[in-house]
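Peer 1: Just so it is clear, I am handing over target25.txt, which has compact mmCIF, C-alpha atoms and all ligand atoms.
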# COMPACT_ATOMS: atom_id res chain seq x y z
CA MET A 1 0.00 0.00 0.00
CA ALA A 2 1.40 3.39 -1.02
CA ARG A 3 2.12 5.89 1.70
CA LYS A 4 -0.46 8.59 2.28
CA LYS A 5 0.38 12.09 1.13
CA ILE A 6 -0.16 15.11 3.34
CA ALA A 7 0.20 18.53 1.72
CA LEU A 8 0.61 21.64 3.85
CA ILE A 9 -0.27 24.91 2.13
CA GLY A 10 1.55 27.54 4.14
CA SER A 11 4.92 26.64 5.64
CA GLY A 12 5.10 29.17 8.43
CA GLN A 13 4.89 28.52 12.15
CA ILE A 14 1.92 26.16 12.03
CA GLY A 15 2.91 24.60 8.68
CA GLY A 16 6.37 23.66 9.93
CA THR A 17 4.96 22.19 13.15
CA LEU A 18 2.35 20.24 11.17
CA ALA A 19 5.11 18.73 9.03
CA HIS A 20 7.09 17.75 12.12
CA LEU A 21 4.11 16.12 13.83
CA ALA A 22 2.94 14.34 10.65
CA ALA A 23 6.43 12.88 10.22
CA LEU A 24 6.83 11.87 13.88
CA LYS A 25 3.42 10.18 13.78
CA ASP A 26 4.29 8.36 10.53
CA LEU A 27 1.18 9.69 8.79
CA GLY A 28 2.83 9.54 5.36
CA ASP A 29 4.87 11.65 2.95
CA VAL A 30 4.68 15.39 3.55
CA VAL A 31 4.79 18.21 1.00
CA LEU A 32 5.36 21.71 2.38
CA PHE A 33 4.13 24.48 0.06
CA ASP A 34 4.64 28.25 0.37
CA ILE A 35 4.83 31.26 -1.94
CA VAL A 36 8.07 32.36 -0.26
CA ASP A 37 10.62 30.36 -2.23
CA GLY A 38 13.19 28.64 -0.02
CA VAL A 39 11.13 28.43 3.16
CA PRO A 40 9.29 25.17 2.40
CA GLN A 41 12.44 23.68 0.84
CA GLY A 42 14.58 24.70 3.82
CA LYS A 43 12.12 23.40 6.42
CA ALA A 44 11.71 20.15 4.45
CA LEU A 45 15.47 19.61 4.35
CA ASP A 46 15.90 20.37 8.05
CA LEU A 47 13.04 18.02 9.00
CA SER A 48 14.37 15.29 6.67
CA GLN A 49 17.68 15.47 8.48
CA SER A 50 15.87 14.61 11.73
CA ALA A 51 14.54 11.36 10.20
CA PRO A 52 17.66 9.29 10.97
CA VAL A 53 17.44 10.33 14.64
CA GLU A 54 13.67 9.96 14.96
CA GLY A 55 13.38 6.91 12.69
CA PHE A 56 10.55 7.97 10.42
CA ASP A 57 10.39 6.92 6.77
CA GLY A 58 8.00 9.55 5.37
CA LYS A 59 9.62 11.77 2.73
CA ILE A 60 9.39 15.51 3.34
CA THR A 61 9.73 17.86 0.39
CA GLY A 62 9.25 21.60 -0.10
CA THR A 63 7.77 23.37 -3.09
CA SER A 64 6.28 26.59 -4.43
CA GLU A 65 4.43 24.85 -7.25
CA TYR A 66 0.81 23.78 -6.93
CA LYS A 67 1.36 20.79 -9.24
CA ASP A 68 3.28 19.11 -6.41
CA LEU A 69 0.02 18.79 -4.47
CA ALA A 70 -1.19 16.18 -6.96
CA GLY A 71 -2.51 13.05 -5.29
CA ALA A 72 -2.63 14.55 -1.79
CA ASP A 73 -4.92 12.64 0.59
CA VAL A 74 -5.03 15.44 3.14
CA ILE A 75 -4.34 19.14 2.68
CA ILE A 76 -3.96 21.45 5.66
CA VAL A 77 -4.18 25.15 4.84
CA THR A 78 -2.42 27.77 6.96
CA ALA A 79 -1.55 30.13 4.11
CA GLY A 80 -2.15 33.79 4.91
CA VAL A 81 -1.18 36.12 7.71
CA PRO A 82 -1.59 35.67 11.47
CA ARG A 83 -2.64 38.29 14.03
CA LYS A 84 -0.42 40.89 15.63
CA PRO A 85 -1.06 42.23 19.15
CA GLY A 86 -4.22 44.35 19.22
CA MET A 87 -5.66 42.75 16.07
CA SER A 88 -8.77 40.61 16.06
CA ARG A 89 -9.03 37.54 13.82
CA ASP A 90 -11.60 39.44 11.76
CA ASP A 91 -9.01 42.09 10.84
CA LEU A 92 -7.36 39.43 8.65
CA LEU A 93 -10.43 38.88 6.49
CA GLU A 94 -9.62 40.83 3.35
CA ILE A 95 -6.02 39.75 2.89
CA ASN A 96 -6.64 36.10 3.77
CA LEU A 97 -9.72 35.90 1.55
CA LYS A 98 -7.50 36.63 -1.47
CA VAL A 99 -5.16 33.88 -0.35
CA MET A 100 -8.11 31.44 -0.08
CA GLY A 101 -8.96 32.26 -3.71
CA GLN A 102 -5.49 31.21 -4.90
CA VAL A 103 -5.34 28.17 -2.63
CA GLY A 104 -8.85 27.03 -3.58
CA ALA A 105 -7.99 27.17 -7.29
CA GLY A 106 -4.79 25.19 -6.71
CA ILE A 107 -6.61 22.49 -4.77
CA ALA A 108 -9.40 22.26 -7.35
CA LYS A 109 -6.88 21.77 -10.13
CA TYR A 110 -4.43 19.36 -8.53
CA ALA A 111 -6.03 17.62 -5.54
CA PRO A 112 -9.81 17.58 -5.89
CA ASN A 113 -10.09 14.31 -3.95
CA ALA A 114 -8.27 15.52 -0.83
CA PHE A 115 -9.73 16.03 2.63
CA VAL A 116 -9.04 19.70 3.31
CA ILE A 117 -8.57 21.17 6.78
CA CYS A 118 -8.44 24.97 6.94
CA ILE A 119 -6.73 26.79 9.81
CA THR A 120 -6.38 30.28 8.33
CA ASN A 121 -8.28 33.01 10.23
CA PRO A 122 -10.91 34.31 10.52
CA LEU A 123 -11.53 30.59 10.54
CA ASP A 124 -15.24 30.03 9.91
CA ALA A 125 -15.44 32.57 7.08
CA MET A 126 -12.18 31.38 5.50
CA VAL A 127 -13.20 27.71 5.44
CA TRP A 128 -16.56 28.74 3.97
CA ALA A 129 -14.77 30.71 1.21
CA LEU A 130 -12.23 27.93 0.63
CA GLN A 131 -14.99 25.41 0.04
CA LYS A 132 -16.67 27.75 -2.45
CA PHE A 133 -13.41 28.66 -4.24
CA SER A 134 -12.28 25.01 -4.47
CA GLY A 135 -15.69 23.57 -5.34
CA LEU A 136 -14.89 20.44 -3.31
CA PRO A 137 -17.83 18.68 -1.63
CA SER A 138 -18.64 20.29 1.72
CA ASN A 139 -18.04 17.02 3.63
CA LYS A 140 -14.42 17.14 2.44
CA VAL A 141 -13.66 20.70 3.58
CA ILE A 142 -13.56 21.44 7.29
CA GLY A 143 -12.15 24.06 9.64
CA MET A 144 -9.96 23.46 12.68
CA ALA A 145 -10.89 25.53 15.72
CA GLY A 146 -13.07 23.53 18.11
CA VAL A 147 -10.40 20.95 18.90
CA LEU A 148 -8.01 23.75 19.83
CA ASP A 149 -10.55 25.77 21.81
CA SER A 150 -11.67 22.61 23.65
CA SER A 151 -8.07 21.63 24.29
CA ARG A 152 -7.41 25.04 25.84
CA PHE A 153 -10.52 24.65 28.01
CA CYS A 154 -9.34 21.15 29.06
CA HIS A 155 -5.89 22.41 29.97
CA PHE A 156 -7.24 25.18 32.20
CA ILE A 157 -9.67 22.78 33.96
CA ALA A 158 -7.03 20.09 34.59
CA ASP A 159 -4.61 22.74 35.84
CA GLU A 160 -7.16 24.29 38.21
CA LEU A 161 -8.37 20.97 39.67
CA ASN A 162 -4.89 19.46 39.67
CA VAL A 163 -6.10 16.29 37.92
CA SER A 164 -4.78 14.31 34.97
CA ILE A 165 -5.53 15.79 31.58
CA GLU A 166 -6.52 12.24 30.54
CA ASP A 167 -9.70 12.49 32.58
CA VAL A 168 -10.83 15.88 31.33
CA ASN A 169 -13.09 16.22 28.32
CA ALA A 170 -14.17 19.72 27.38
CA PHE A 171 -16.34 20.99 24.61
CA VAL A 172 -16.50 24.35 22.81
CA MET A 173 -19.00 25.12 20.03
CA GLY A 174 -19.73 28.07 17.77
CA GLY A 175 -17.48 30.31 15.70
CA HIS A 176 -13.76 30.67 16.41
CA GLY A 177 -13.87 34.17 17.80
CA ASP A 178 -14.85 36.16 20.84
CA THR A 179 -18.36 34.67 20.63
CA MET A 180 -17.26 31.02 20.87
CA VAL A 181 -19.41 28.94 23.22
CA PRO A 182 -17.64 26.80 25.84
CA LEU A 183 -20.22 24.35 27.22
CA PRO A 184 -19.71 23.42 30.92
CA ARG A 185 -22.72 21.09 30.86
CA TYR A 186 -21.02 18.97 28.21
CA SER A 187 -17.53 19.25 29.67
CA THR A 188 -16.57 16.60 32.18
CA VAL A 189 -13.94 15.33 34.58
CA ALA A 190 -14.15 11.51 34.61
CA GLY A 191 -17.74 11.84 33.42
CA ILE A 192 -18.77 14.47 36.01
CA PRO A 193 -20.13 17.57 34.26
CA LEU A 194 -18.46 20.86 35.24
CA THR A 195 -21.85 22.14 36.37
CA ASP A 196 -21.91 19.32 38.98
CA ILE A 197 -18.31 20.01 39.91
CA VAL A 198 -19.39 23.56 40.83
CA LYS A 199 -22.41 22.20 42.80
CA MET A 200 -20.09 19.79 44.66
CA GLY A 201 -17.93 22.78 45.61
CA TRP A 202 -14.83 21.39 43.87
CA MET A 203 -14.57 24.56 41.76
CA SER A 204 -16.25 27.90 42.39
CA LYS A 205 -18.65 29.39 39.84
CA ASP A 206 -16.37 32.45 39.64
CA LYS A 207 -13.36 30.29 38.81
CA LEU A 208 -15.33 28.44 36.14
CA ASP A 209 -16.43 31.77 34.60
CA GLU A 210 -12.82 32.94 34.67
CA ILE A 211 -11.68 29.76 32.88
CA ILE A 212 -14.41 30.16 30.27
CA GLN A 213 -13.29 33.72 29.57
CA ARG A 214 -9.63 32.67 29.45
CA THR A 215 -10.58 29.99 26.92
CA ARG A 216 -12.33 32.59 24.77
CA ASP A 217 -9.26 34.82 25.00
CA GLY A 218 -6.86 31.88 24.62
CA GLY A 219 -5.50 32.96 21.25
CA ALA A 220 -5.13 36.63 22.21
CA GLU A 221 -3.26 35.72 25.41
CA ILE A 222 -0.61 33.95 23.33
CA VAL A 223 -0.48 36.71 20.68
CA GLY A 224 0.14 39.19 23.52
CA LEU A 225 2.99 37.10 24.91
CA LEU A 226 4.68 36.26 21.60
CA LYS A 227 4.30 39.81 20.22
CA THR A 228 4.99 38.51 16.70
CA GLY A 229 2.71 35.81 15.36
CA SER A 230 0.16 33.62 17.08
CA ALA A 231 -0.11 30.17 18.66
CA PHE A 232 1.21 27.28 16.61
CA TYR A 233 2.01 24.15 18.65
CA ALA A 234 -1.54 23.48 19.89
CA PRO A 235 -3.21 24.54 16.61
CA ALA A 236 -0.94 22.14 14.71
CA ALA A 237 -1.56 19.26 17.14
CA SER A 238 -5.31 19.85 16.87
CA ALA A 239 -5.35 19.74 13.06
CA ILE A 240 -3.19 16.61 13.06
CA SER A 241 -5.75 14.82 15.26
CA MET A 242 -8.41 15.64 12.64
CA ALA A 243 -6.18 14.49 9.76
CA GLU A 244 -5.41 11.26 11.60
CA SER A 245 -9.09 10.53 12.18
CA TYR A 246 -9.69 10.85 8.42
CA LEU A 247 -6.61 8.90 7.29
CA LYS A 248 -7.21 6.03 9.74
CA ASP A 249 -11.01 6.13 9.51
CA LYS A 250 -11.07 6.49 13.30
CA LYS A 251 -14.50 8.14 13.31
CA ARG A 252 -13.53 10.44 16.16
CA VAL A 253 -16.18 12.80 17.47
CA LEU A 254 -14.54 16.23 17.37
CA PRO A 255 -15.78 19.80 17.41
CA ALA A 256 -14.94 21.43 14.08
CA ALA A 257 -16.16 24.13 11.72
CA ALA A 258 -18.48 22.12 9.46
CA PHE A 259 -20.83 23.10 6.68
CA LEU A 260 -24.40 23.25 8.00
CA SER A 261 -27.33 22.72 5.70
CA GLY A 262 -30.21 23.03 8.15
CA GLU A 263 -28.63 21.45 11.24
CA TYR A 264 -29.12 23.72 14.27
CA GLY A 265 -31.43 25.76 12.01
CA VAL A 266 -28.38 27.12 10.13
CA ARG A 267 -27.85 27.02 6.36
CA ASP A 268 -24.91 27.60 4.01
CA THR A 269 -22.62 28.54 6.87
CA TYR A 270 -19.58 26.96 8.49
CA VAL A 271 -19.63 26.98 12.27
CA GLY A 272 -18.18 24.88 15.09
CA VAL A 273 -20.29 21.83 15.94
CA PRO A 274 -19.48 18.24 16.95
CA VAL A 275 -18.87 16.00 13.93
CA VAL A 276 -17.75 12.44 13.18
CA ILE A 277 -14.59 12.42 11.03
CA GLY A 278 -13.87 9.21 9.12
CA ALA A 279 -12.85 8.00 5.68
CA ASP A 280 -15.75 9.90 4.09
CA GLY A 281 -14.68 13.16 5.67
CA VAL A 282 -17.39 14.72 7.78
CA GLU A 283 -19.62 11.66 8.14
CA LYS A 284 -22.13 13.14 10.54
CA VAL A 285 -23.01 16.45 12.15
CA ILE A 286 -24.18 15.76 15.69
CA GLU A 287 -27.04 17.94 16.88
CA ILE A 288 -26.88 18.21 20.67
CA SER A 289 -29.68 19.77 22.64
CA LEU A 290 -28.98 23.25 23.94
CA ASN A 291 -30.75 25.00 26.80
CA SER A 292 -31.99 28.53 26.23
CA ALA A 293 -28.82 30.28 27.44
CA GLU A 294 -26.61 27.98 25.35
CA GLN A 295 -28.84 28.42 22.31
CA LYS A 296 -28.72 32.20 22.70
CA ALA A 297 -24.92 32.17 22.90
CA PHE A 298 -24.71 29.83 19.89
CA ASP A 299 -27.11 32.02 17.85
CA LYS A 300 -25.00 35.07 18.66
CA SER A 301 -21.90 33.25 17.50
CA VAL A 302 -23.59 32.11 14.27
CA SER A 303 -24.66 35.74 13.58
CA ALA A 304 -21.08 36.90 13.99
CA VAL A 305 -19.91 34.26 11.48
CA GLU A 306 -22.73 35.15 9.07
CA GLY A 307 -21.63 38.79 9.24
CA LEU A 308 -18.12 37.80 8.17
CA ILE A 309 -19.47 35.62 5.36
CA GLU A 310 -21.51 38.58 4.09
CA ALA A 311 -18.32 40.68 4.17
CA CYS A 312 -16.58 37.97 2.05
CA LYS A 313 -19.41 38.11 -0.49
CA LYS A 314 -19.00 41.88 -0.79
CA ILE A 315 -15.24 41.63 -1.34
CA ALA A 316 -15.51 38.65 -3.74
CA PRO A 317 -18.88 38.86 -5.51
CA ALA A 318 -18.20 35.49 -7.19
CA LEU A 319 -18.89 33.90 -3.79
CA ALA A 320 -22.39 35.38 -3.45
P1 LIG B 401 2.77 32.27 9.50
O1 LIG B 401 3.90 31.72 10.31
O2 LIG B 401 2.83 33.68 9.06
O3 LIG B 401 2.61 31.32 8.20
C1 LIG B 401 1.75 31.62 7.15
C2 LIG B 401 2.47 31.24 5.87
O4 LIG B 401 1.56 31.44 4.78
C3 LIG B 401 3.70 32.10 5.58
O5 LIG B 401 4.85 31.26 5.45
C4 LIG B 401 3.36 32.79 4.27
O6 LIG B 401 4.48 32.96 3.40
C5 LIG B 401 2.33 31.83 3.67
N1 LIG B 401 1.50 32.42 2.66
C6 LIG B 401 1.00 33.69 2.58
N2 LIG B 401 0.27 33.84 1.46
C7 LIG B 401 0.31 32.64 0.82
C8 LIG B 401 -0.25 32.17 -0.40
N3 LIG B 401 -0.98 32.97 -1.19
N4 LIG B 401 -0.03 30.88 -0.75
C9 LIG B 401 0.72 30.07 0.04
N5 LIG B 401 1.29 30.47 1.20
C10 LIG B 401 1.09 31.74 1.58
O7 LIG B 401 1.38 32.06 10.25
P2 LIG B 401 0.95 30.84 11.20
O8 LIG B 401 1.41 29.55 10.63
O9 LIG B 401 1.29 31.18 12.61
O10 LIG B 401 -0.65 30.99 11.10
C11 LIG B 401 -1.31 30.70 9.88
C12 LIG B 401 -2.78 31.07 9.94
O11 LIG B 401 -3.43 30.30 10.93
C13 LIG B 401 -3.06 32.54 10.32
O12 LIG B 401 -4.13 33.03 9.52
C14 LIG B 401 -3.50 32.45 11.77
O13 LIG B 401 -4.35 33.51 12.15
C15 LIG B 401 -4.23 31.14 11.76
N6 LIG B 401 -4.42 30.50 13.06
C16 LIG B 401 -5.62 29.89 13.27
C17 LIG B 401 -5.87 29.25 14.46
C18 LIG B 401 -7.18 28.57 14.68
O14 LIG B 401 -7.41 28.01 15.72
C19 LIG B 401 -8.19 28.59 13.65
C20 LIG B 401 -4.89 29.24 15.47
C21 LIG B 401 -3.69 29.88 15.23
C22 LIG B 401 -3.46 30.51 14.01
Would you write the structure of this file as structure tokens?
Peer 2:
Amino acid sequence: MARKKIALIGSGQIGGTLAHLAALKDLGDVVLFDIVDGVPQGKALDLSQSAPVEGFDGKITGTSEYKDLAGADVIIVTAGVPRKPGMSRDDLLEINLKVMGQVGAGIAKYAPNAFVICITNPLDAMVWALQKFSGLPSNKVIGMAGVLDSSRFCHFIADELNVSIEDVNAFVMGGHGDTMVPLPRYSTVAGIPLTDIVKMGWMSKDKLDEIIQRTRDGGAEIVGLLKTGSAFYAPAASAISMAESYLKDKKRVLPAAAFLSGEYGVRDTYVGVPVVIGADGVEKVIEISLNSAEQKAFDKSVSAVEGLIEACKKIAPALA
């Protein structure tokens, strides 16, 4: 059986980390792509020289030519620009939308059968545009945000309660922005919902609220510390878990920006919801029941995403 091929469009901070993780996890051969000539080639050579030490067989190559994406099983898109301190993800819309146009055309031409995971911000609007620009089926184009946001939530909970991360399962829905919706009722420690953990007195309501806000601000906290660029280790790890679920048909249930065609009463929009990822891409969108406060928060988040999608349509009328 031939090795799988993973193409990474964008070879910056996240792209390089994705290549490293894909190689270490033996997911297949890796192609790094970037418009800045030399960067993907240099990172590919450096990573290849770690193969004898790490013992992986996957070949890592770098390119600036779209034709080298041919035959890719998975494509992870990070092309574009990240935030600087003081910027919101939405400030990136115009510049990254143009990038999605180029990337979508390249994917359509050379790798129309790939499973595509978008990471470029503002996430929900960019994955929506990428699906339109590429013309790939919506079950094969997905956005990474929920795994990262949930992972941040998990980390803060485990840290606060001083328990193993293995026993914490947290869940964040909605768009990847200030309106994201962390769901304490569906987040558990060894099966105990966070709402019960507060009732039991193991964590105060104020602390939980603080953690929820820190999760929402998780990206900005790191942008503020790094000063140049944004988070890349956890975003890369999150996207790799989605790629792995597709490549190995694991059918993991993960929160991700998925195309909704009526689920949750939402149409023609990408937004973070729990999905099953297997060999057919997004195999199922899971509709959980929301109480009125959760529904209100989710609706607000969907409206924010819809606003960004409308802005995309104005900038690129072909998308309307
Ligand atoms: P960075 O290190 O700047 O890498 C981006 C790369 O894209 C650079 O190497 C650029 O040369 C390249 N690039 C720019 N335009 C093109 C193009 N037209 N075609 C191909 N490559 C191009 O950024 P990064 O890796 O830190 O972040 C990448 C993106 O991910 C940014 O938009 C971030 O905002 C976003 N991001 C999203 C999350 C989510 O959770 C959704 C988290 C962190 C970062």
Peer 1: If the limit is 6 Å from any atom of ligand LIG 401 (chain B), counting only C-alpha atoms and all ligand atoms, which residues qualify? Return them as number ranges by chain.
Peer 2: A: 9-15, 34-36, 78-83, 99, 119-121, 123, 144-145, 148, 229-232, 235
Peer 1: Applying 7 Å and all atoms listed in the file, which residues near range 247-264 of chain A remain after dropping the ones on its own chain fewer than 3 positions away? List them as a list in words.
Peer 2: Asp124, Ser138, Ile142, Gly143, Met144, Ala145, Gly146, Val147, Met173, Ala243, Glu244, Arg267, Asp268, Thr269, Tyr270, Val271, Gly272, Val273, Pro274, Val275, Val276, Ile277, Gly278, Ala279 and Glu287 of chain A
Peer 1: Can those selected residues be exported to a file as a short mmCIF file (atom, residue, chain, number, x, y, z; two decimals), keeping the file's coordinate frame so that it contains C-alpha atoms?
Peer 2:
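Ended up saving to again-v3.cif:
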data_model
loop_
_atom_site.label_atom_id
_atom_site.label_comp_id
_atom_site.auth_asym_id
_atom_site.auth_seq_id
_atom_site.Cartn_x
_atom_site.Cartn_y
_atom_site.Cartn_z
CA ASP A 124 -15.24 30.03 9.91
CA SER A 138 -18.64 20.29 1.72
CA ILE A 142 -13.56 21.44 7.29
CA GLY A 143 -12.15 24.06 9.64
CA MET A 144 -9.96 23.46 12.68
CA ALA A 145 -10.89 25.53 15.72
CA GLY A 146 -13.07 23.53 18.11
CA VAL A 147 -10.40 20.95 18.90
CA MET A 173 -19.00 25.12 20.03
CA ALA A 243 -6.18 14.49 9.76
CA GLU A 244 -5.41 11.26 11.60
CA ARG A 267 -27.85 27.02 6.36
CA ASP A 268 -24.91 27.60 4.01
CA THR A 269 -22.62 28.54 6.87
CA TYR A 270 -19.58 26.96 8.49
CA VAL A 271 -19.63 26.98 12.27
CA GLY A 272 -18.18 24.88 15.09
CA VAL A 273 -20.29 21.83 15.94
CA PRO A 274 -19.48 18.24 16.95
CA VAL A 275 -18.87 16.00 13.93
CA VAL A 276 -17.75 12.44 13.18
CA ILE A 277 -14.59 12.42 11.03
CA GLY A 278 -13.87 9.21 9.12
CA ALA A 279 -12.85 8.00 5.68
CA GLU A 287 -27.04 17.94 16.88
#
Peer 1: Could you give me, as a list in words, the residues within 9 Å of Thr179 in chain A, counting all atoms listed in the file and dropping anything in the same chain fewer than 4 positions from it?
Peer 2: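 Selected residues are Gly174, Gly175, Arg216, Ala297, Phe298, Lys300, Ser301, Val302 and Ala304 of chain A.
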Peer 1: Set the distance at 9 Å and use all atoms listed in the file: which residues neighbour range 193-210 of chain A once local chain neighbours fewer than 4 positions away are removed? I'd like the list as a list in words.
Peer 2: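 What passes the distance filter is Ile157, Glu160, Leu161, Leu183, Pro184, Arg185, Tyr186, Ser187, Thr188, Val189, Arg214 and Thr215 of chain A.
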Peer 1: Please produce a file of those selected residues containing C-alpha atoms, as a PDB file, in the frame of the given file.
Peer 2:
ATOM      1  CA  ILE A 157      -9.670  22.780  33.960  1.00  0.00           C
ATOM      2  CA  GLU A 160      -7.160  24.290  38.210  1.00  0.00           C
ATOM      3  CA  LEU A 161      -8.370  20.970  39.670  1.00  0.00           C
ATOM      4  CA  LEU A 183     -20.220  24.350  27.220  1.00  0.00           C
ATOM      5  CA  PRO A 184     -19.710  23.420  30.920  1.00  0.00           C
ATOM      6  CA  ARG A 185     -22.720  21.090  30.860  1.00  0.00           C
ATOM      7  CA  TYR A 186     -21.020  18.970  28.210  1.00  0.00           C
ATOM      8  CA  SER A 187     -17.530  19.250  29.670  1.00  0.00           C
ATOM      9  CA  THR A 188     -16.570  16.600  32.180  1.00  0.00           C
ATOM     10  CA  VAL A 189     -13.940  15.330  34.580  1.00  0.00           C
ATOM     11  CA  ARG A 214      -9.630  32.670  29.450  1.00  0.00           C
ATOM     12  CA  THR A 215     -10.580  29.990  26.920  1.00  0.00           C
TER      13      THR A 215
END
Peer 1: List the spatial neighbours of Asp73 in chain A as an mmCIF file with C-alpha atoms, in the coordinates of the input - criterion: any atom at most 12 Å away, only C-alpha atoms, same-chain residues fewer than 2 positions off excluded.
Peer 2:
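So the final result, stored in part16.cif, reads:
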data_model
loop_
_atom_site.group_PDB
_atom_site.id
_atom_site.type_symbol
_atom_site.label_atom_id
_atom_site.label_comp_id
_atom_site.auth_asym_id
_atom_site.auth_seq_id
_atom_site.Cartn_x
_atom_site.Cartn_y
_atom_site.Cartn_z
ATOM 1 C CA ALA A 2 1.400 3.390 -1.020
ATOM 2 C CA ARG A 3 2.120 5.890 1.700
ATOM 3 C CA LYS A 4 -0.460 8.590 2.280
ATOM 4 C CA LYS A 5 0.380 12.090 1.130
ATOM 5 C CA ILE A 6 -0.160 15.110 3.340
ATOM 6 C CA ALA A 7 0.200 18.530 1.720
ATOM 7 C CA LEU A 8 0.610 21.640 3.850
ATOM 8 C CA LEU A 27 1.180 9.690 8.790
ATOM 9 C CA GLY A 28 2.830 9.540 5.360
ATOM 10 C CA ASP A 29 4.870 11.650 2.950
ATOM 11 C CA VAL A 30 4.680 15.390 3.550
ATOM 12 C CA VAL A 31 4.790 18.210 1.000
ATOM 13 C CA LEU A 69 0.020 18.790 -4.470
ATOM 14 C CA ALA A 70 -1.190 16.180 -6.960
ATOM 15 C CA GLY A 71 -2.510 13.050 -5.290
ATOM 16 C CA ILE A 75 -4.340 19.140 2.680
ATOM 17 C CA ILE A 76 -3.960 21.450 5.660
ATOM 18 C CA ILE A 107 -6.610 22.490 -4.770
ATOM 19 C CA TYR A 110 -4.430 19.360 -8.530
ATOM 20 C CA ALA A 111 -6.030 17.620 -5.540
ATOM 21 C CA PRO A 112 -9.810 17.580 -5.890
ATOM 22 C CA ASN A 113 -10.090 14.310 -3.950
ATOM 23 C CA ALA A 114 -8.270 15.520 -0.830
ATOM 24 C CA PHE A 115 -9.730 16.030 2.630
ATOM 25 C CA VAL A 116 -9.040 19.700 3.310
ATOM 26 C CA ILE A 117 -8.570 21.170 6.780
ATOM 27 C CA LYS A 140 -14.420 17.140 2.440
ATOM 28 C CA ALA A 243 -6.180 14.490 9.760
ATOM 29 C CA GLU A 244 -5.410 11.260 11.600
ATOM 30 C CA TYR A 246 -9.690 10.850 8.420
ATOM 31 C CA LEU A 247 -6.610 8.900 7.290
ATOM 32 C CA LYS A 248 -7.210 6.030 9.740
ATOM 33 C CA ALA A 279 -12.850 8.000 5.680
ATOM 34 C CA ASP A 280 -15.750 9.900 4.090
ATOM 35 C CA GLY A 281 -14.680 13.160 5.670
#
Peer 1: Which centre and edge lengths in Å to one decimal define the box along x, y and z that fits every listed atom of range 181-190 of chain A plus 5 Å per side, as lines of an AutoDock Vina configuration file?
Peer 2:
center_x = -18.3
center_y = 20.2
center_z = 28.9
size_x = 18.8
size_y = 27.4
size_z = 21.4
Peer 1: A:Ile288, A:Ala158, A:Val181, A:Leu47: which is nearest Thr61 in chain A, counting all atoms listed in the file?
Peer 2: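 Once distances to Thr61 in chain A are computed over all atoms listed in the file, the minimum belongs to A:Leu47.
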Peer 1: If you measure from CA of Ala170 in chain A to CA of Val305 in chain A, what distance in Å do you get, rounded to one decimal?
Peer 2: 22.3 Å
Peer 1: Report, in Å with one decimal, the straight-line distance from CA of Gly135 in chain A to CA of Gly104 in chain A.
Peer 2: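 One can read the CA of Gly135 in chain A to CA of Gly104 in chain A distance as 7.9 Å.
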Peer 1: Report, in Å with one decimal, the straight-line distance from CA of Lys25 in chain A to CA of Tyr233 in chain A.
Peer 2: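 These two atoms are separated by 14.9 Å.
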Peer 1: If I put a ball of radius 8 Å at (8.6, 13.2, 9.3) in the file's coordinates, which residues poke into it when counting only C-alpha atoms, written as an NGL selection string?
Peer 2: :A and (19-26 or 28-30 or 47-48 or 50-51 or 56-60)
Peer 1: With only C-alpha atoms as the atoms that count, which of A:Ser151, A:Cys312, A:Glu65, A:Asp159 lies nearest to Pro182 in chain A?
Peer 2: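 Going through A:Ser151, A:Cys312, A:Glu65, A:Asp159 one by one, the smallest distance to Pro182 in chain A is for A:Ser151.
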Peer 1: Counting only C-alpha atoms, which of A:Val127, A:Asp37, A:Val77, A:Glu94 gets nearest to Ala311 in chain A?
Peer 2: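 Looking at the shortest contact to Ala311 in chain A, the residue is A:Glu94.
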Peer 1: Which polymer residues have any atom within 8 Å of an atom of Leu319 in chain A, counting only C-alpha atoms, with same-chain residues fewer than 2 positions away left out, as a list of chain:residue names?
Peer 2: A:Ala129, A:Lys132, A:Phe133, A:Cys312, A:Lys313, A:Ala316, A:Pro317
